[in-house]
file start-v2.tsv (TSV, C-alpha atoms and all ligand atoms)
chain	number	residue	atom	x	y	z
A	1	MET	CA	-7.11	-23.69	-10.57
A	2	LYS	CA	-7.43	-20.76	-12.99
A	3	ASN	CA	-4.38	-18.85	-14.26
A	4	ILE	CA	-3.75	-15.86	-11.97
A	5	LEU	CA	-2.27	-13.88	-14.87
A	6	ASN	CA	-5.78	-13.80	-16.37
A	7	ALA	CA	-7.49	-12.74	-13.15
A	8	PRO	CA	-9.57	-9.57	-13.60
A	9	PHE	CA	-7.87	-7.90	-10.63
A	10	VAL	CA	-4.39	-8.49	-12.13
A	11	GLU	CA	-5.65	-7.13	-15.45
A	12	GLU	CA	-7.06	-4.06	-13.69
A	13	MET	CA	-3.74	-3.41	-11.93
A	14	LYS	CA	-1.85	-3.76	-15.22
A	15	LYS	CA	-4.18	-1.34	-17.01
A	16	ILE	CA	-4.36	1.34	-14.33
A	17	THR	CA	-0.61	1.44	-13.65
A	18	ALA	CA	0.18	1.63	-17.38
A	19	ASN	CA	-2.36	4.41	-17.73
A	20	MET	CA	-0.96	6.36	-14.79
A	21	TYR	CA	2.58	5.93	-16.08
A	22	ARG	CA	1.55	7.33	-19.46
A	23	GLN	CA	-0.09	10.33	-17.78
A	24	GLY	CA	3.42	11.16	-16.51
A	25	TRP	CA	2.29	10.89	-12.89
A	26	ASP	CA	4.37	7.88	-11.86
A	27	GLU	CA	7.99	8.34	-12.79
A	28	ARG	CA	10.43	5.55	-11.98
A	29	ASN	CA	8.97	3.78	-8.90
A	30	GLY	CA	6.77	6.76	-7.97
A	31	GLY	CA	3.28	5.88	-6.75
A	32	ASN	CA	1.73	2.76	-5.29
A	33	ILE	CA	-1.64	1.01	-5.20
A	34	SER	CA	-3.36	-1.37	-2.79
A	35	TYR	CA	-6.61	-3.11	-3.74
A	36	MET	CA	-8.56	-5.30	-1.31
A	37	LEU	CA	-9.67	-8.54	-2.97
A	38	ASP	CA	-12.49	-10.95	-2.37
A	39	GLU	CA	-11.15	-14.11	-0.68
A	40	LYS	CA	-13.47	-16.39	-2.66
A	41	GLU	CA	-12.41	-14.86	-5.95
A	42	VAL	CA	-8.68	-15.12	-5.10
A	43	GLY	CA	-9.28	-18.77	-4.11
A	44	GLU	CA	-10.20	-19.54	-7.73
A	45	TYR	CA	-6.63	-18.63	-8.73
A	46	LEU	CA	-4.41	-19.39	-5.73
A	47	ASP	CA	-4.13	-22.04	-3.02
A	48	LEU	CA	-4.85	-19.86	0.00
A	49	ASN	CA	-3.02	-22.34	2.27
A	50	ASN	CA	0.23	-21.87	0.39
A	51	VAL	CA	2.10	-18.99	2.01
A	52	ILE	CA	5.26	-18.29	-0.01
A	53	ARG	CA	6.89	-15.96	2.53
A	54	GLU	CA	6.00	-14.10	5.70
A	55	ILE	CA	6.98	-10.42	5.66
A	56	PRO	CA	6.76	-8.23	8.79
A	57	THR	CA	4.90	-4.97	8.21
A	58	GLY	CA	6.21	-3.05	11.22
A	59	PHE	CA	2.79	-1.87	12.36
A	60	ASP	CA	-0.46	-3.22	13.73
A	61	ALA	CA	-3.18	-3.80	11.15
A	62	SER	CA	-5.34	-6.05	13.35
A	63	ALA	CA	-8.51	-4.53	11.90
A	64	LEU	CA	-7.53	-6.16	8.59
A	65	ILE	CA	-6.64	-9.68	9.80
A	66	GLY	CA	-7.43	-12.19	7.05
A	67	LYS	CA	-7.95	-9.50	4.42
A	68	ILE	CA	-6.20	-9.99	1.08
A	69	PHE	CA	-4.69	-7.19	-0.99
A	70	ILE	CA	-2.90	-6.91	-4.30
A	71	VAL	CA	-0.17	-4.32	-3.76
A	72	THR	CA	2.52	-2.76	-5.95
A	73	GLY	CA	6.09	-3.64	-5.00
A	74	THR	CA	8.56	-1.23	-3.48
A	75	GLY	CA	11.08	0.17	-5.95
A	76	LYS	CA	9.09	-1.26	-8.84
A	77	TYR	CA	8.27	0.84	-11.89
A	78	PHE	CA	4.61	1.31	-12.92
A	79	LYS	CA	5.78	1.17	-16.55
A	80	ASN	CA	6.95	-2.44	-16.07
A	81	ILE	CA	3.89	-3.89	-14.34
A	82	GLU	CA	1.95	-4.71	-17.51
A	83	PHE	CA	4.90	-6.75	-18.84
A	84	ASP	CA	5.88	-8.58	-15.63
A	85	PRO	CA	3.07	-8.50	-13.06
A	86	GLU	CA	4.42	-11.41	-11.01
A	87	ASN	CA	7.63	-9.56	-10.20
A	88	ASN	CA	6.21	-6.05	-9.74
A	89	LEU	CA	3.01	-6.91	-7.84
A	90	GLY	CA	2.25	-9.10	-4.86
A	91	ILE	CA	-0.83	-10.56	-3.22
A	92	ILE	CA	-0.63	-10.46	0.56
A	93	ARG	CA	-2.91	-11.52	3.41
A	94	ILE	CA	-2.73	-9.92	6.84
A	95	ALA	CA	-1.82	-12.72	9.26
A	96	LYS	CA	-3.50	-13.49	12.58
A	97	ASP	CA	-0.90	-11.46	14.50
A	98	GLY	CA	-1.95	-8.33	12.57
A	99	THR	CA	1.68	-7.36	11.93
A	100	THR	CA	2.76	-9.91	9.33
A	101	ALA	CA	1.94	-10.02	5.63
A	102	GLU	CA	1.61	-13.52	4.19
A	103	LEU	CA	2.78	-13.51	0.59
A	104	LEU	CA	0.43	-15.61	-1.55
A	105	TRP	CA	1.76	-14.60	-4.97
A	106	GLY	CA	4.21	-12.20	-6.62
A	107	TYR	CA	7.32	-10.18	-5.67
A	108	SER	CA	9.04	-13.02	-7.50
A	109	ASP	CA	12.56	-11.57	-7.32
A	110	GLY	CA	12.41	-11.61	-3.51
A	111	GLY	CA	11.02	-8.07	-3.26
A	112	LYS	CA	8.22	-6.81	-1.05
A	113	PHE	CA	5.26	-4.46	-0.86
A	114	THR	CA	5.49	-0.67	-1.25
A	115	SER	CA	7.30	1.31	1.44
A	116	GLU	CA	4.02	3.20	1.83
A	117	LEU	CA	2.16	0.12	3.12
A	118	PRO	CA	1.55	1.86	6.49
A	119	ALA	CA	-0.26	4.76	4.76
A	120	HIS	CA	-2.20	2.31	2.58
A	121	LEU	CA	-3.36	-0.14	5.23
A	122	MET	CA	-4.01	2.52	7.85
A	123	SER	CA	-6.04	4.42	5.22
A	124	HIS	CA	-8.00	1.24	4.38
A	125	ILE	CA	-8.85	0.88	8.06
A	126	ALA	CA	-9.96	4.54	8.29
A	127	ARG	CA	-12.04	4.49	5.10
A	128	LEU	CA	-13.70	1.14	5.92
A	129	GLU	CA	-15.02	2.74	9.12
A	130	VAL	CA	-16.70	5.42	6.99
A	131	ASN	CA	-17.64	3.23	4.02
A	132	PRO	CA	-17.57	-0.59	4.35
A	133	GLU	CA	-17.44	-0.77	0.54
A	134	ASN	CA	-14.02	0.90	0.30
A	135	ARG	CA	-11.41	-1.31	-1.38
A	136	VAL	CA	-8.81	0.80	-3.14
A	137	ILE	CA	-6.11	3.26	-2.10
A	138	ILE	CA	-4.00	4.93	-4.80
A	139	HIS	CA	-0.94	7.10	-4.26
A	140	SER	CA	0.54	9.08	-7.15
A	141	HIS	CA	2.75	12.06	-8.06
A	142	PRO	CA	0.63	13.98	-10.62
A	143	VAL	CA	2.51	16.86	-12.22
A	144	TYR	CA	0.16	19.83	-11.90
A	145	THR	CA	-1.07	18.86	-8.44
A	146	LEU	CA	2.55	18.87	-7.32
A	147	ALA	CA	3.26	22.15	-9.10
A	148	MET	CA	0.31	23.69	-7.28
A	149	ASN	CA	1.85	22.58	-3.97
A	150	HIS	CA	4.65	25.06	-4.69
A	151	VAL	CA	2.46	28.09	-5.25
A	152	ILE	CA	-0.49	27.95	-2.84
A	153	GLU	CA	-0.70	27.57	0.91
A	154	LEU	CA	-0.88	23.98	2.14
A	155	ASP	CA	-4.23	24.60	3.78
A	156	GLU	CA	-7.28	22.36	3.32
A	157	LYS	CA	-9.80	25.13	2.74
A	158	ILE	CA	-7.56	27.11	0.36
A	159	PHE	CA	-6.44	24.00	-1.53
A	160	THR	CA	-9.95	22.59	-1.93
A	161	HIS	CA	-11.57	25.91	-2.75
A	162	THR	CA	-8.92	26.80	-5.35
A	163	LEU	CA	-9.68	23.54	-7.16
A	164	TRP	CA	-13.46	23.84	-6.83
A	165	GLU	CA	-13.19	27.22	-8.59
A	166	MET	CA	-11.39	25.74	-11.58
A	167	CYS	CA	-14.28	23.91	-13.20
A	168	THR	CA	-17.92	23.41	-12.35
A	169	GLU	CA	-17.80	19.65	-11.83
A	170	CYS	CA	-15.04	19.62	-9.21
A	171	ILE	CA	-17.41	20.25	-6.33
A	172	ILE	CA	-19.66	17.46	-7.62
A	173	VAL	CA	-16.77	14.95	-7.80
A	174	PHE	CA	-15.17	15.84	-4.46
A	175	PRO	CA	-17.69	17.81	-2.36
A	176	ASP	CA	-15.95	16.34	0.70
A	177	GLY	CA	-12.78	18.26	-0.23
A	178	ILE	CA	-9.11	17.41	0.10
A	179	GLY	CA	-7.22	16.79	3.29
A	180	VAL	CA	-3.78	18.39	3.28
A	181	LEU	CA	-0.67	17.27	5.14
A	182	PRO	CA	2.44	19.41	5.51
A	183	TRP	CA	5.68	18.19	3.97
A	184	MET	CA	6.77	15.06	5.84
A	185	VAL	CA	9.29	12.26	5.41
A	186	CYS	CA	7.59	9.46	3.49
A	187	GLY	CA	7.63	5.67	3.77
A	188	ASN	CA	7.11	5.38	7.52
A	189	ASN	CA	4.41	4.79	10.12
A	190	GLU	CA	4.25	8.47	11.11
A	191	ILE	CA	3.06	9.64	7.69
A	192	GLY	CA	0.78	6.58	7.61
A	193	ILE	CA	-0.91	7.59	10.86
A	194	ALA	CA	-1.25	11.21	9.68
A	195	THR	CA	-2.74	10.10	6.34
A	196	ALA	CA	-5.23	7.77	7.99
A	197	GLU	CA	-6.31	10.52	10.37
A	198	LYS	CA	-7.20	12.67	7.33
A	199	MET	CA	-8.89	9.70	5.64
A	200	LYS	CA	-11.47	9.70	8.42
A	201	ASN	CA	-12.87	12.83	6.78
A	202	PHE	CA	-11.56	12.86	3.22
A	203	ARG	CA	-11.24	10.46	0.27
A	204	LEU	CA	-8.41	12.64	-1.03
A	205	VAL	CA	-5.27	13.54	0.90
A	206	ASN	CA	-2.52	15.78	-0.48
A	207	TRP	CA	0.99	15.13	0.83
A	208	GLY	CA	2.83	18.47	0.87
A	209	ILE	CA	5.22	18.69	-2.10
A	210	HIS	CA	5.08	14.92	-2.61
A	211	GLY	CA	1.85	13.67	-4.15
A	212	ILE	CA	-1.71	12.65	-3.52
A	213	TYR	CA	-3.78	9.79	-2.11
A	214	GLY	CA	-7.22	8.81	-3.35
A	215	ALA	CA	-9.59	6.23	-1.84
A	216	GLY	CA	-12.60	4.50	-3.30
A	217	LYS	CA	-14.83	1.46	-3.58
A	218	ASP	CA	-13.04	0.55	-6.80
A	219	ILE	CA	-10.15	1.69	-8.98
A	220	ASP	CA	-12.42	3.97	-11.01
A	221	GLU	CA	-13.48	5.95	-7.94
A	222	ALA	CA	-9.98	6.35	-6.47
A	223	PHE	CA	-8.43	7.13	-9.87
A	224	GLY	CA	-11.30	9.42	-10.89
A	225	LEU	CA	-10.83	11.55	-7.79
A	226	ILE	CA	-7.11	12.01	-8.44
A	227	GLU	CA	-7.72	12.59	-12.15
A	228	THR	CA	-10.24	15.34	-11.44
A	229	VAL	CA	-7.94	17.06	-8.93
A	230	GLU	CA	-5.10	16.88	-11.43
A	231	LYS	CA	-7.22	18.37	-14.21
A	232	ALA	CA	-8.26	21.26	-11.95
A	233	ALA	CA	-4.66	21.78	-10.80
A	234	GLN	CA	-3.59	21.89	-14.45
A	235	LEU	CA	-6.22	24.54	-15.16
A	236	TYR	CA	-5.04	26.53	-12.15
A	237	MET	CA	-1.39	26.44	-13.17
A	238	ILE	CA	-2.13	27.35	-16.79
A	239	ALA	CA	-4.65	30.07	-15.94
A	240	THR	CA	-2.45	31.71	-13.30
A	241	ALA	CA	0.66	31.45	-15.47
A	242	SER	CA	-1.10	33.60	-18.04
A	243	GLY	CA	-0.92	36.39	-15.44
A	244	LYS	CA	-4.52	37.32	-16.14
A	245	ARG	CA	-7.53	35.76	-14.51
A	246	ILE	CA	-10.71	37.80	-14.78
A	247	ASN	CA	-13.46	35.19	-14.25
A	248	THR	CA	-14.19	32.68	-11.56
A	249	ILE	CA	-16.96	30.50	-10.14
A	250	THR	CA	-18.19	32.36	-7.08
A	251	ASP	CA	-19.13	30.73	-3.78
A	252	ARG	CA	-22.77	31.57	-4.59
A	253	ASN	CA	-22.37	29.69	-7.88
A	254	LEU	CA	-20.77	26.74	-6.09
A	255	TRP	CA	-23.68	26.62	-3.69
A	256	GLU	CA	-26.11	26.59	-6.64
A	257	VAL	CA	-24.29	23.48	-7.90
A	258	VAL	CA	-24.49	21.91	-4.44
A	259	GLU	CA	-28.25	22.49	-4.36
A	260	ALA	CA	-28.79	21.36	-7.95
A	261	PHE	CA	-26.99	18.06	-7.28
A	262	GLY	CA	-28.31	17.50	-3.74
A	263	LEU	CA	-24.86	17.63	-2.11
A	264	GLU	CA	-25.88	19.65	0.95
A	265	ASP	CA	-25.16	16.76	3.35
A	266	VAL	CA	-21.74	15.84	1.96
A	267	VAL	CA	-20.20	19.17	0.95
A	268	ARG	CA	-17.57	20.79	3.19
A	269	LYS	CA	-19.73	23.87	3.78
A	270	ASP	CA	-17.02	25.40	5.97
A	271	PHE	CA	-14.80	25.58	2.87
A	272	LEU	CA	-17.28	28.04	1.31
A	273	ASP	CA	-17.85	31.66	2.31
A	274	LEU	CA	-21.58	32.02	1.84
B	1	LIG	P1	7.62	2.58	-3.32
B	1	LIG	O1	8.53	2.27	-4.48
B	1	LIG	O2	8.13	2.02	-2.03
B	1	LIG	O3	6.19	2.20	-3.63
B	1	LIG	O4	7.64	4.16	-3.10
B	1	LIG	C1	7.23	5.05	-4.10
B	1	LIG	C2	6.64	6.30	-3.56
B	1	LIG	O5	5.87	6.94	-4.23
B	1	LIG	C3	6.98	6.72	-2.18
B	1	LIG	O6	6.09	7.67	-1.72
B	2	ZN	ZN	5.26	8.91	-3.35
call {"tool": "encode", "arguments": {"input": "start-v2.tsv", "output": "structure tokens"}}
result
Amino acid sequence: MKNILNAPFVEEMKKITANMYRQGWDERNGGNISYMLDEKEVGEYLDLNNVIREIPTGFDASALIGKIFIVTGTGKYFKNIEFDPENNLGIIRIAKDGTTAELLWGYSDGGKFTSELPAHLMSHIARLEVNPENRVIIHSHPVYTLAMNHVIELDEKIFTHTLWEMCTECIIVFPDGIGVLPWMVCGNNEIGIATAEKMKNFRLVNWGIHGIYGAGKDIDEAFGLIETVEKAAQLYMIATASGKRINTITDRNLWEVVEAFGLEDVVRKDFLDL
């Protein structure tokens, strides 16, 4: 059996969480990640018949029975993951009942998966329906995205369009736009259901005055979406704080980009006024 601490997926989790911490997006225990793993690959590192603990999830994830995820632990700090992955991360498998997580590795101090597991697993289910390749859900609290939540309406068209205007490549990176939820209590099934509903149409979901979710086939895609939104939100906050904004990318310009990059079928055309 190979050493799990050298597994590429553990390395990836260590690197991305350290990176996100250093961006200032994931203070204290803020943010969480779930990453669906390949059973065969995990089997090279762990005895898949050895269930350490069974942890109830509190919701039905029957669509994911048998699927294995590496998930950040609740209350755990992103800054500590690279130094102690076995305590701050866990590898879980959704049991046959659909409502139990079988712990295969990690959460070594007796901890458990993120309190946002409902939003993560329900989002996995929603995204897999759209794209069978989807494997990663990332939740984070990026600074400028959150700042922007205080100064513009929490409306999908306004939010998406404001960001598209900030730099030319935004509409190329997220032509499908950003779903927006109002402020809600976090860490429960209700916000999970609402997030997953948005994930049917969006790879990005903004939680009002809380943070953002990104989905993708790998960590690069999910992180890259959030990173691009955050960069645009930073531009928005800096440009508007100057009190003077005299140039913008018009909707005509945005449509030229859509045509140049062949995004006609994926762009949220109803977010443009053409
Ligand atoms: P967890 O520590 O349970 O992952 O919660 C952090 C968070 O960001 C809640 O939304
Ligand atoms: Zn959060």
call {"tool": "atom_distance", "arguments": {"input": "start-v2.tsv", "atom1": "CA of Glu129 (chain A)", "atom2": "CA of Met36 (chain A)"}}
result
14.7 Å
call {"tool": "residues_around", "arguments": {"input": "start-v2.tsv", "residues": "Leu272 (chain A)", "least_positions_apart": "4", "cutoff": "10 Å", "atoms": "only C-alpha atoms", "output": "VMD selection string"}}
result
chain A and resid 157 to 158 160 to 161 164 250 to 252 254 to 255 267 to 268
call {"tool": "residues_near_ligand", "arguments": {"input": "start-v2.tsv", "ligand": "ligand ZN 2 (chain B)", "cutoff": "9 Å", "atoms": "only C-alpha atoms and all ligand atoms", "output": "tab-separated table (two decimals) with C-alpha atoms, keeping the file's coordinate frame"}}
result
chain	number	residue	atom	x	y	z
A	26	ASP	CA	4.37	7.88	-11.86
A	29	ASN	CA	8.97	3.78	-8.90
A	30	GLY	CA	6.77	6.76	-7.97
A	31	GLY	CA	3.28	5.88	-6.75
A	32	ASN	CA	1.73	2.76	-5.29
A	116	GLU	CA	4.02	3.20	1.83
A	139	HIS	CA	-0.94	7.10	-4.26
A	140	SER	CA	0.54	9.08	-7.15
A	141	HIS	CA	2.75	12.06	-8.06
A	186	CYS	CA	7.59	9.46	3.49
A	187	GLY	CA	7.63	5.67	3.77
A	207	TRP	CA	0.99	15.13	0.83
A	210	HIS	CA	5.08	14.92	-2.61
A	211	GLY	CA	1.85	13.67	-4.15
A	212	ILE	CA	-1.71	12.65	-3.52
call {"tool": "closest_residue", "arguments": {"input": "start-v2.tsv", "among": "A:Ile33, A:Ile246, A:Ile65, A:Ala222", "to": "Ile81 (chain A)", "atoms": "all atoms listed in the file"}}
result
A:Ile33
call {"tool": "closest_residue", "arguments": {"input": "start-v2.tsv", "among": "A:Ala194, A:Ala260, A:Ile4, A:Ile209", "to": "His150 (chain A)", "atoms": "only C-alpha atoms"}}
result
A:Ile209
call {"tool": "closest_residue", "arguments": {"input": "start-v2.tsv", "among": "A:Pro56, A:Glu190, A:Phe261, A:Gly177", "to": "Leu225 (chain A)", "atoms": "all atoms listed in the file"}}
result
A:Gly177
call {"tool": "residues_around", "arguments": {"input": "start-v2.tsv", "residues": "Glu156 (chain A)", "least_positions_apart": "5", "cutoff": "10 Å", "atoms": "all atoms listed in the file", "output": "list in words"}}
result
His161, Thr162, Gly177, Ile178, Gly179, Val180, Leu181, Val205, Asn206 and Phe271 of chain A
call {"tool": "atom_distance", "arguments": {"input": "start-v2.tsv", "atom1": "CA of Glu12 (chain A)", "atom2": "CA of Ala101 (chain A)"}}
result
22.1 Å
call {"tool": "closest_residue", "arguments": {"input": "start-v2.tsv", "among": "A:Glu259, A:Asp176, A:Asp265, A:Glu82", "to": "Asn6 (chain A)", "atoms": "all atoms listed in the file"}}
result
A:Glu82
